[in-house]
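Participant: Pasting data_4.cif here (mmCIF, C-alpha atoms):
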data_my_file
loop_
_atom_site.label_atom_id
_atom_site.label_comp_id
_atom_site.auth_asym_id
_atom_site.auth_seq_id
_atom_site.Cartn_x
_atom_site.Cartn_y
_atom_site.Cartn_z
CA MET O 1 -77.21 -9.87 199.86
CA LEU O 2 -73.59 -9.43 198.76
CA LYS O 3 -73.26 -13.18 198.14
CA LYS O 4 -76.33 -13.10 195.92
CA ILE O 5 -74.93 -10.20 193.90
CA LEU O 6 -71.58 -11.95 193.51
CA PHE O 7 -73.34 -15.16 192.48
CA ASN O 8 -75.39 -13.33 189.86
CA LEU O 9 -72.28 -11.64 188.51
CA GLN O 10 -70.54 -14.99 188.30
CA VAL O 11 -73.49 -16.48 186.40
CA PHE O 12 -73.52 -13.48 184.05
CA PHE O 13 -69.81 -13.71 183.29
CA GLU O 14 -70.06 -17.46 182.73
CA LYS O 15 -72.87 -16.92 180.24
CA PHE O 16 -70.96 -14.07 178.58
CA ARG O 17 -67.81 -16.17 178.31
CA SER O 18 -69.81 -19.02 176.83
CA PHE O 19 -71.41 -16.62 174.33
CA LEU O 20 -68.03 -15.12 173.45
CA VAL O 21 -66.48 -18.53 172.83
CA ARG O 22 -69.39 -19.56 170.61
CA PHE O 23 -69.22 -16.23 168.75
CA ILE O 24 -65.49 -16.54 168.11
CA LEU O 25 -65.88 -20.14 166.92
CA LYS O 26 -68.66 -19.14 164.51
CA LEU O 27 -66.58 -16.21 163.27
CA LEU O 28 -63.57 -18.45 162.66
CA ILE O 29 -65.76 -20.92 160.77
CA ILE O 30 -67.17 -18.11 158.59
CA ILE O 31 -63.66 -16.78 157.90
CA PHE O 32 -62.45 -20.30 157.06
CA ILE O 33 -65.35 -20.80 154.64
CA CYS O 34 -64.63 -17.39 153.03
CA VAL O 35 -60.96 -18.30 152.60
CA ILE O 36 -61.87 -21.64 150.97
CA ILE O 37 -64.42 -20.05 148.61
CA HIS O 38 -62.05 -17.20 147.70
CA THR O 39 -59.18 -19.62 147.06
CA VAL O 40 -61.33 -21.85 144.84
CA LEU O 41 -62.60 -18.82 142.90
CA LYS O 42 -59.06 -17.50 142.44
CA MET O 43 -57.89 -20.87 141.12
CA SER O 44 -60.79 -20.83 138.67
CA GLU O 45 -59.97 -17.27 137.60
CA ILE O 46 -56.30 -18.09 137.09
CA SER O 47 -57.14 -21.12 134.96
CA THR O 48 -59.64 -19.15 132.87
CA ASN O 49 -57.72 -15.88 132.53
CA TYR O 50 -59.05 -13.39 130.02
CA THR O 51 -57.32 -13.41 126.66
CA GLY O 52 -57.25 -11.06 123.75
CA THR O 53 -56.69 -7.31 123.61
CA TYR O 54 -55.61 -6.77 127.21
CA LYS O 55 -53.36 -9.76 127.56
CA LYS O 56 -49.97 -10.17 125.91
CA LEU O 57 -47.65 -12.02 128.25
CA ILE O 58 -43.94 -11.92 127.46
CA GLY O 59 -41.21 -13.98 129.06
CA ILE O 60 -38.49 -11.78 130.53
CA ASP O 61 -37.10 -14.10 133.19
CA GLY O 62 -37.40 -17.83 132.54
CA ASN O 63 -40.95 -18.94 133.17
CA LYS O 64 -41.95 -15.64 134.76
CA LEU O 65 -44.25 -13.64 132.49
CA MET O 66 -44.93 -9.92 132.38
CA ASN O 67 -48.03 -8.49 130.72
CA VAL O 68 -47.54 -5.57 128.34
CA TYR O 69 -50.35 -3.73 126.57
CA GLN O 70 -49.73 -1.72 123.38
CA THR O 71 -51.96 0.64 121.44
CA GLY O 72 -51.53 3.58 119.03
CA ASN O 73 -49.05 4.17 116.23
CA GLY O 74 -47.39 7.54 116.87
CA GLU O 75 -43.71 8.29 116.41
CA LYS O 76 -43.12 8.82 120.12
CA THR O 77 -43.72 5.99 122.59
CA ILE O 78 -45.26 6.69 126.00
CA VAL O 79 -44.76 3.96 128.59
CA ILE O 80 -47.17 4.06 131.53
CA LEU O 81 -45.74 2.76 134.81
CA PRO O 82 -48.50 2.06 137.37
CA GLY O 83 -48.82 3.33 140.92
CA PHE O 84 -48.39 0.90 143.80
CA GLY O 85 -50.96 -1.87 144.18
CA THR O 86 -52.90 -1.21 140.98
CA PRO O 87 -54.80 -4.49 140.42
CA SER O 88 -55.30 -3.92 136.68
CA PRO O 89 -53.05 -1.18 135.26
CA ILE O 90 -54.33 -1.73 131.71
CA ILE O 91 -57.92 -0.92 132.73
CA HIS O 92 -56.88 1.57 135.40
CA TYR O 93 -55.14 3.90 132.91
CA LYS O 94 -57.47 3.29 129.97
CA ALA O 95 -58.77 6.89 129.90
CA LEU O 96 -55.18 8.08 129.36
CA THR O 97 -54.27 5.44 126.77
CA GLU O 98 -57.44 6.15 124.80
CA GLY O 99 -56.78 9.90 124.90
CA LEU O 100 -53.15 9.57 123.78
CA LYS O 101 -53.20 6.70 121.28
CA ASP O 102 -54.18 8.83 118.25
CA GLU O 103 -50.89 10.73 118.43
CA TYR O 104 -48.55 8.35 120.25
CA LYS O 105 -47.78 4.70 120.68
CA VAL O 106 -48.85 3.92 124.25
CA ILE O 107 -47.60 0.99 126.32
CA VAL O 108 -48.77 -0.09 129.77
CA ILE O 109 -46.41 -2.31 131.75
CA GLU O 110 -47.85 -4.53 134.46
CA TYR O 111 -45.12 -5.33 136.98
CA TYR O 112 -44.84 -8.81 138.46
CA GLY O 113 -47.93 -9.43 140.61
CA TYR O 114 -49.90 -6.70 138.81
CA GLY O 115 -52.80 -7.32 136.43
CA PHE O 116 -52.20 -10.42 134.33
CA SER O 117 -48.46 -10.67 135.03
CA THR O 118 -47.34 -13.68 137.02
CA ASN O 119 -46.02 -13.45 140.57
CA ALA O 120 -42.27 -13.60 141.05
CA ASN O 121 -40.30 -14.04 144.23
CA LYS O 122 -37.95 -11.16 143.44
CA GLU O 123 -36.50 -8.33 145.48
CA ARG O 124 -38.33 -5.10 144.70
CA LYS O 125 -35.34 -2.76 144.71
CA ASN O 126 -35.28 0.21 142.34
CA GLU O 127 -32.51 -1.36 140.29
CA ILE O 128 -34.28 -4.72 139.87
CA ILE O 129 -37.58 -3.15 138.79
CA ALA O 130 -35.73 -0.82 136.38
CA LYS O 131 -33.97 -3.83 134.84
CA GLU O 132 -37.29 -5.66 134.46
CA ILE O 133 -38.81 -2.63 132.73
CA ASN O 134 -35.83 -2.45 130.40
CA THR O 135 -35.97 -6.17 129.54
CA ALA O 136 -39.70 -5.91 128.83
CA LEU O 137 -39.20 -2.90 126.53
CA MET O 138 -36.26 -4.47 124.71
CA THR O 139 -38.29 -7.66 124.24
CA ILE O 140 -41.04 -5.79 122.41
CA GLY O 141 -38.60 -3.65 120.44
CA VAL O 142 -38.80 -0.31 122.29
CA ASP O 143 -35.39 1.29 122.75
CA LYS O 144 -36.48 4.88 123.43
CA CYS O 145 -39.55 6.16 125.23
CA VAL O 146 -41.26 8.76 127.39
CA PHE O 147 -42.18 7.49 130.84
CA LEU O 148 -45.55 8.40 132.34
CA ALA O 149 -44.96 7.29 135.92
CA HIS O 150 -47.73 7.38 138.50
CA SER O 151 -47.14 7.64 142.26
CA THR O 152 -44.41 5.20 143.46
CA SER O 153 -43.32 4.50 139.89
CA ASN O 154 -41.70 7.93 139.91
CA LEU O 155 -38.89 6.17 141.79
CA TYR O 156 -38.47 3.46 139.15
CA ALA O 157 -38.60 5.89 136.24
CA SER O 158 -35.89 7.98 137.91
CA LYS O 159 -33.70 4.94 138.56
CA TYR O 160 -34.24 3.76 134.99
CA ALA O 161 -33.18 7.18 133.65
CA SER O 162 -29.96 7.01 135.66
CA MET O 163 -29.22 3.45 134.46
CA TYR O 164 -30.30 3.79 130.81
CA PRO O 165 -30.12 7.54 130.02
CA ASP O 166 -30.02 7.03 126.24
CA ASN O 167 -33.34 5.15 126.35
CA VAL O 168 -35.40 7.90 128.01
CA GLU O 169 -36.65 10.87 125.98
CA ALA O 170 -38.57 12.44 128.85
CA ILE O 171 -40.27 11.71 132.17
CA ILE O 172 -43.81 12.73 133.10
CA SER O 173 -44.51 12.19 136.79
CA LEU O 174 -48.21 11.84 137.64
CA ASP O 175 -48.69 12.87 141.28
CA GLY O 176 -45.52 10.99 142.13
CA ILE O 177 -43.87 10.50 145.46
CA TYR O 178 -40.59 12.35 145.84
CA PRO O 179 -37.62 10.58 147.43
CA SER O 180 -36.40 13.55 149.49
CA GLU O 181 -39.63 13.27 151.51
CA ILE O 182 -38.10 10.34 153.38
CA GLU O 183 -35.57 12.68 155.02
CA ASN O 184 -38.39 14.41 156.91
CA ASP O 185 -39.18 12.67 160.22
CA TYR O 186 -42.93 13.32 160.01
CA LEU O 187 -43.30 11.99 156.47
CA ARG O 188 -40.98 9.06 157.13
CA GLN O 189 -43.26 8.02 160.03
CA LYS O 190 -46.30 8.50 157.78
CA TYR O 191 -44.82 6.22 155.11
CA GLN O 192 -43.90 3.64 157.74
CA ASP O 193 -47.49 3.70 159.03
CA ASP O 194 -48.81 3.30 155.48
CA VAL O 195 -46.56 0.29 154.93
CA ARG O 196 -47.70 -1.29 158.20
CA ASN O 197 -51.38 -0.71 157.40
CA THR O 198 -50.95 -2.14 153.89
CA LYS O 199 -49.40 -5.32 155.26
CA ILE O 200 -52.29 -5.70 157.72
CA THR O 201 -54.82 -5.10 154.93
CA ALA O 202 -53.12 -7.80 152.86
CA ILE O 203 -54.13 -10.36 155.48
CA PHE O 204 -57.82 -9.66 154.74
CA GLU O 205 -57.17 -10.45 151.08
CA LEU O 206 -57.14 -14.12 152.08
CA THR O 207 -60.87 -13.90 152.79
CA GLY O 208 -61.80 -12.26 149.48
CA PHE O 209 -62.95 -9.13 151.32
CA GLU O 210 -61.94 -6.87 148.42
CA ARG O 211 -63.91 -9.05 146.00
CA ALA O 212 -67.08 -8.19 147.91
CA LEU O 213 -66.02 -4.59 148.54
CA SER O 214 -65.76 -3.90 144.80
CA TYR O 215 -69.54 -4.44 144.64
CA ILE O 216 -70.58 -3.07 148.04
CA LYS O 217 -68.43 0.09 147.84
CA PRO O 218 -67.25 0.46 144.23
CA ASP O 219 -65.95 3.99 144.85
CA GLU O 220 -63.09 2.45 146.89
CA PHE O 221 -61.68 1.25 143.56
CA TYR O 222 -62.91 4.18 141.43
CA ILE O 223 -65.40 1.89 139.70
CA ASP O 224 -67.99 4.64 140.13
CA TYR O 225 -65.89 6.81 137.77
CA MET O 226 -65.70 3.96 135.28
CA GLU O 227 -69.44 3.42 135.33
CA LYS O 228 -70.10 7.11 134.65
CA SER O 229 -67.56 7.31 131.82
CA ASN O 230 -68.22 6.30 128.21
CA ILE O 231 -64.64 5.01 127.93
CA TYR O 232 -64.98 1.91 130.08
CA THR O 233 -67.17 -0.93 128.81
CA ASP O 234 -69.04 -3.44 130.94
CA GLU O 235 -66.37 -5.95 129.97
CA ASP O 236 -63.65 -3.56 131.21
CA ILE O 237 -65.35 -3.32 134.60
CA LYS O 238 -65.79 -7.09 134.69
CA ILE O 239 -62.06 -7.58 134.03
CA TYR O 240 -61.19 -4.92 136.60
CA ARG O 241 -63.27 -6.63 139.29
CA ASN O 242 -61.71 -9.95 138.30
CA ARG O 243 -58.23 -8.50 138.82
CA ILE O 244 -59.23 -6.95 142.15
CA ALA O 245 -60.34 -10.40 143.27
CA SER O 246 -57.21 -12.16 142.00
CA SER O 247 -54.45 -9.52 142.06
CA TYR O 248 -55.10 -7.40 145.14
CA LEU O 249 -52.00 -6.86 147.29
CA THR O 250 -50.10 -9.81 145.85
CA THR O 251 -46.82 -11.09 147.28
CA PRO O 252 -44.68 -8.95 144.91
CA MET O 253 -46.73 -5.89 145.90
CA ILE O 254 -46.13 -6.54 149.60
CA LYS O 255 -42.41 -6.99 148.91
CA GLU O 256 -42.47 -3.73 146.96
CA ILE O 257 -44.16 -1.67 149.68
CA GLY O 258 -41.75 -3.21 152.20
CA MET O 259 -38.86 -1.75 150.17
CA LEU O 260 -40.41 1.72 149.85
CA GLU O 261 -38.34 3.44 152.53
CA LYS O 262 -35.05 1.99 151.26
CA ASN O 263 -35.94 2.81 147.66
CA MET O 264 -36.70 6.41 148.61
CA LYS O 265 -33.50 6.75 150.65
CA GLU O 266 -31.43 5.52 147.72
CA LEU O 267 -32.73 8.38 145.57
CA SER O 268 -33.14 11.05 148.25
CA LYS O 269 -30.38 13.19 146.68
CA TYR O 270 -31.31 12.36 143.09
CA LYS O 271 -31.81 15.10 140.52
CA TYR O 272 -32.95 14.66 136.94
CA ALA O 273 -30.18 14.89 134.34
CA SER O 274 -29.96 18.47 133.07
CA ASN O 275 -30.68 17.41 129.48
CA LEU O 276 -33.79 15.35 130.36
CA PRO O 277 -37.18 17.02 129.74
CA VAL O 278 -39.45 16.51 132.75
CA LEU O 279 -43.06 17.38 133.56
CA GLN O 280 -44.18 16.83 137.15
CA ILE O 281 -47.97 16.89 137.48
CA LEU O 282 -49.31 17.42 141.00
CA ALA O 283 -52.91 16.72 142.06
CA SER O 284 -54.51 19.69 143.83
CA ASP O 285 -55.90 17.43 146.59
CA THR O 286 -52.39 16.15 147.35
CA VAL O 287 -51.04 19.71 147.29
CA LYS O 288 -53.67 20.75 149.85
CA GLU O 289 -52.87 17.72 152.00
CA TYR O 290 -49.20 18.73 152.17
CA ASP O 291 -50.13 22.37 152.80
CA SER O 292 -52.11 21.24 155.87
CA ILE O 293 -49.01 19.57 157.38
CA LYS O 294 -46.42 22.14 156.37
CA SER O 295 -45.75 22.95 160.02
CA GLU O 296 -44.41 19.38 160.32
CA THR O 297 -42.69 19.05 156.94
CA ASN O 298 -41.42 22.63 156.45
CA LYS O 299 -41.99 22.17 152.71
CA THR O 300 -44.86 22.21 150.27
CA LEU O 301 -45.39 19.34 147.84
CA LYS O 302 -44.14 21.55 145.01
CA GLN O 303 -40.90 22.17 146.91
CA PHE O 304 -40.38 18.43 147.34
CA ALA O 305 -41.02 17.97 143.62
CA ASN O 306 -38.64 20.77 142.70
CA ASP O 307 -35.89 19.12 144.76
CA MET O 308 -35.43 16.82 141.75
CA ILE O 309 -35.22 19.55 139.11
CA SER O 310 -31.79 20.47 137.78
CA ASN O 311 -32.73 22.48 134.68
CA PRO O 312 -35.90 24.62 134.99
CA SER O 313 -35.77 25.54 131.30
CA ILE O 314 -36.90 22.02 130.31
CA GLN O 315 -38.13 20.68 133.67
CA SER O 316 -41.30 22.02 135.28
CA THR O 317 -43.98 21.33 137.86
CA VAL O 318 -47.68 21.97 137.28
CA GLU O 319 -50.84 21.45 139.33
CA ILE O 320 -54.09 19.94 138.07
CA GLU O 321 -57.41 20.06 139.93
CA GLY O 322 -58.32 16.61 141.23
CA GLY O 323 -57.29 13.74 143.45
CA HIS O 324 -54.30 11.42 143.52
CA MET O 325 -55.97 9.25 140.87
CA LEU O 326 -55.94 12.01 138.26
CA GLN O 327 -56.43 9.40 135.56
CA PHE O 328 -60.00 9.08 136.90
CA THR O 329 -60.74 12.51 138.35
CA SER O 330 -59.19 14.70 135.63
CA PRO O 331 -58.07 12.58 132.63
CA ASN O 332 -58.74 15.23 129.97
CA GLU O 333 -56.64 17.84 131.75
CA VAL O 334 -53.79 15.33 132.18
CA ILE O 335 -53.91 14.39 128.49
CA GLU O 336 -53.90 18.05 127.43
CA ARG O 337 -50.86 18.83 129.63
CA ILE O 338 -48.99 15.81 128.31
CA LYS O 339 -49.62 16.75 124.67
CA ILE O 340 -48.49 20.35 125.21
CA PHE O 341 -45.35 19.16 126.99
CA LEU O 342 -44.42 16.62 124.31
CA GLN O 343 -44.95 19.13 121.50
CA ASN O 344 -42.21 21.31 122.95
CA PHE O 345 -39.29 18.97 122.32
#
Kindly transcribe the structure held in the file into structure tokens.
Facilitator:
Amino acid sequence: MLKKILFNLQVFFEKFRSFLVRFILKLLIIIFICVIIHTVLKMSEISTNYTGTYKKLIGIDGNKLMNVYQTGNGEKTIVILPGFGTPSPIIHYKALTEGLKDEYKVIVIEYYGYGFSTNANKERKNEIIAKEINTALMTIGVDKCVFLAHSTSNLYASKYASMYPDNVEAIISLDGIYPSEIENDYLRQKYQDDVRNTKITAIFELTGFERALSYIKPDEFYIDYMEKSNIYTDEDIKIYRNRIASSYLTTPMIKEIGMLEKNMKELSKYKYASNLPVLQILASDTVKEYDSIKSETNKTLKQFANDMISNPSIQSTVEIEGGHMLQFTSPNEVIERIKIFLQNF
């Protein structure tokens, strides 16, 4: 009886192993086919890049090109610096550019590997990115501006202000990350986990997974907000999906996220210059997230933000209802706050 049971188990495991081998082989073949199709499509998209309004490539480093979008004709110039990994900053921040362009000149910079900008095998240190921003602005004739920096770009705007203080009229931080956070063990581990997960996710980009995801689950990329808004056209969404397919977690982006901890440490003691007007806008969802972990961090998000303030008379922190992507969840409130702030100096 025991021999029969053992024999049956052996037969079962042999069949299971055979099934598993066949399954893995089929899966590898499917993945290989997806990689080939995605690669061919990307090559086609690169060779037939969109032209026109959203594309103005400028050479700032030999044959490496950076895309810069300009709109509006106001006296003050607002330069939007995108949050990490934004596949198409020009489309991503369109609600803000449209809401500000009647009173200000608005510029959106697409870093290397972002949007229509080319990839570049460059270190992604604060100083290097700040220099690239400066070269791009000088190339298009902008020598003084207000930075509107989202998320990780808060670091680059701060570094730029320390390197080129005469070129910065003010900084507006849009739910930025604050460098002193890296001194907290809990948050440092959280950032390290985020970096690790991003690098793993980048592997899936080879299969074109995000290309399909933008259709299957458009809310992952805030396309649902675009579709409900009267600001984004069908062509905008088409371009946005095109950039997701071709510019999702590019090599420069992976290099950038890999430098995040070092870039934060470099500025962990940084404070804004006392003569620099600053508006730090916090998203209520992010505020609540930090409130929920205060027992680990010992600080609220507002306290981390205020670590950078040196002159409360011209530097302030405000909270707006919405998520981290305030440009989608609460664009009108952001625009209103920006206009009030800029009218005061």
Participant: Around (-59.8, -7.1, 144.3) in the file's frame, which residues reach within 9 Å when counting all atoms listed in the file? Return as a VMD selection string?
Facilitator: chain O and resid 87 205 208 to 214 221 240 to 249
Participant: Run the PyMOL selection byres ((chain O and resi 175-183) around 6) against the file shown and list the residues it catches, as JSON, numbers by chain.
Facilitator: {"O": [150, 151, 152, 154, 173, 174, 184, 188, 264, 267, 268, 281, 282, 283]}
Participant: Evaluate the PyMOL selection byres ((chain O and resi 136) around 8) and record the selected residues as a list in words, following the chain and residue labels used in the document.
Facilitator: Ile58, Ile60, Met66, Val68, Glu132, Ile133, Asn134, Thr135, Leu137, Met138, Thr139 and Ile140 of chain O
Participant: Expanded to explicit residues, what is the PyMOL selection byres ((chain O and resi 161-167) around 7) for this file, as a PyMOL selection string?
Facilitator: chain O and resi 143-145+157-160+168-169
Participant: Need the neighbours of (-48.5, -12.1, 139.5): which residues are at most 9 Å away, counting only C-alpha atoms, as a VMD selection string?
Facilitator: chain O and resid 64 to 66 111 to 120 247 250 to 252
Participant: Please, could you write that set of residues out with C-alpha atoms as a PDB file, in the coordinates of the input?
Facilitator:
ATOM      1  CA  LYS O  64     -41.950 -15.640 134.760  1.00  0.00           C
ATOM      2  CA  LEU O  65     -44.250 -13.640 132.490  1.00  0.00           C
ATOM      3  CA  MET O  66     -44.930  -9.920 132.380  1.00  0.00           C
ATOM      4  CA  TYR O 111     -45.120  -5.330 136.980  1.00  0.00           C
ATOM      5  CA  TYR O 112     -44.840  -8.810 138.460  1.00  0.00           C
ATOM      6  CA  GLY O 113     -47.930  -9.430 140.610  1.00  0.00           C
ATOM      7  CA  TYR O 114     -49.900  -6.700 138.810  1.00  0.00           C
ATOM      8  CA  GLY O 115     -52.800  -7.320 136.430  1.00  0.00           C
ATOM      9  CA  PHE O 116     -52.200 -10.420 134.330  1.00  0.00           C
ATOM     10  CA  SER O 117     -48.460 -10.670 135.030  1.00  0.00           C
ATOM     11  CA  THR O 118     -47.340 -13.680 137.020  1.00  0.00           C
ATOM     12  CA  ASN O 119     -46.020 -13.450 140.570  1.00  0.00           C
ATOM     13  CA  ALA O 120     -42.270 -13.600 141.050  1.00  0.00           C
ATOM     14  CA  SER O 247     -54.450  -9.520 142.060  1.00  0.00           C
ATOM     15  CA  THR O 250     -50.100  -9.810 145.850  1.00  0.00           C
ATOM     16  CA  THR O 251     -46.820 -11.090 147.280  1.00  0.00           C
ATOM     17  CA  PRO O 252     -44.680  -8.950 144.910  1.00  0.00           C
TER      18      PRO O 252
END
Participant: Which distance in Å separates CA of Val287 (chain O) and CA of Leu301 (chain O), to one decimal?
Facilitator: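 Computing the Euclidean distance for CA of Val287 (chain O) and CA of Leu301 (chain O) yields 5.7 Å.
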Participant: For CA of Glu296 (chain O) and CA of Asp194 (chain O), determine how far apart the two atoms are, in Å to one decimal place.
Facilitator: 17.4 Å
Participant: Record the distance separating CA of Pro82 (chain O) and CA of Leu57 (chain O), expressed in Å with one decimal.
Facilitator: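 These atoms are spaced 16.8 Å apart.
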Participant: Find the residue from O:Leu260, O:Leu276, O:Ile107, O:Val334 that sits nearest to Asp193 (chain O); use only C-alpha atoms when measuring.
Facilitator: O:Leu260
Participant: Would you kindly return, as number ranges by chain, each protein, DNA or RNA residue with an atom no farther than 9 Å from any atom of Asn73 (chain O), considering only C-alpha atoms and excluding same-chain residues fewer than 3 positions away?
Facilitator: O: 76-77, 101-106
Participant: Okay, now the selection with C-alpha atoms, as a PDB file, in the coordinates of the input?
Facilitator:
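Output file result_27.pdb follows:
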ATOM      1  CA  LYS O  76     -43.120   8.820 120.120  1.00  0.00           C
ATOM      2  CA  THR O  77     -43.720   5.990 122.590  1.00  0.00           C
ATOM      3  CA  LYS O 101     -53.200   6.700 121.280  1.00  0.00           C
ATOM      4  CA  ASP O 102     -54.180   8.830 118.250  1.00  0.00           C
ATOM      5  CA  GLU O 103     -50.890  10.730 118.430  1.00  0.00           C
ATOM      6  CA  TYR O 104     -48.550   8.350 120.250  1.00  0.00           C
ATOM      7  CA  LYS O 105     -47.780   4.700 120.680  1.00  0.00           C
ATOM      8  CA  VAL O 106     -48.850   3.920 124.250  1.00  0.00           C
TER       9      VAL O 106
END
Participant: For each of O:Asp185, O:Glu319, O:Glu75, O:Asp236, take the minimum atom-to-atom distance to Ser284 (chain O), counting only C-alpha atoms, then give the residue where this is smallest.
Facilitator: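 Result for the nearest residue to Ser284 (chain O): O:Glu319.
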Participant: So, counting only C-alpha atoms, which residue among O:Ile78, O:Ile237, O:Ile172, O:Val108 is closest to Arg337 (chain O)?
Facilitator: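 Closest residue, counting only C-alpha atoms: O:Ile172.
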Participant: When you count all atoms listed in the file, which of these residues is closest to Tyr232 (chain O): O:Glu266, O:Glu289, O:Glu256, O:Glu98?
Facilitator: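 Closest residue, counting all atoms listed in the file: O:Glu98.
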Participant: From the options O:Ile314, O:Ala202, O:Phe304, O:Gln70, which residue's atoms come nearest to Phe341 (chain O), counting only C-alpha atoms?
Facilitator: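 Selected residue with least distance to Phe341 (chain O): O:Ile314.
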Participant: Quick one: everything within 6 Å of Ser153 (chain O), counting only C-alpha atoms, minus sequence neighbours fewer than 4 positions away in the same chain. Send it as an MDAnalysis selection string.
Facilitator: chainID O and resid 81 83 149
Participant: Give the answer as one residue: which of O:Gly258, O:Pro218, O:Pro331, O:Pro277 has the shortest atom-to-atom distance to Asn311 (chain O), using only C-alpha atoms?
Facilitator: O:Pro277
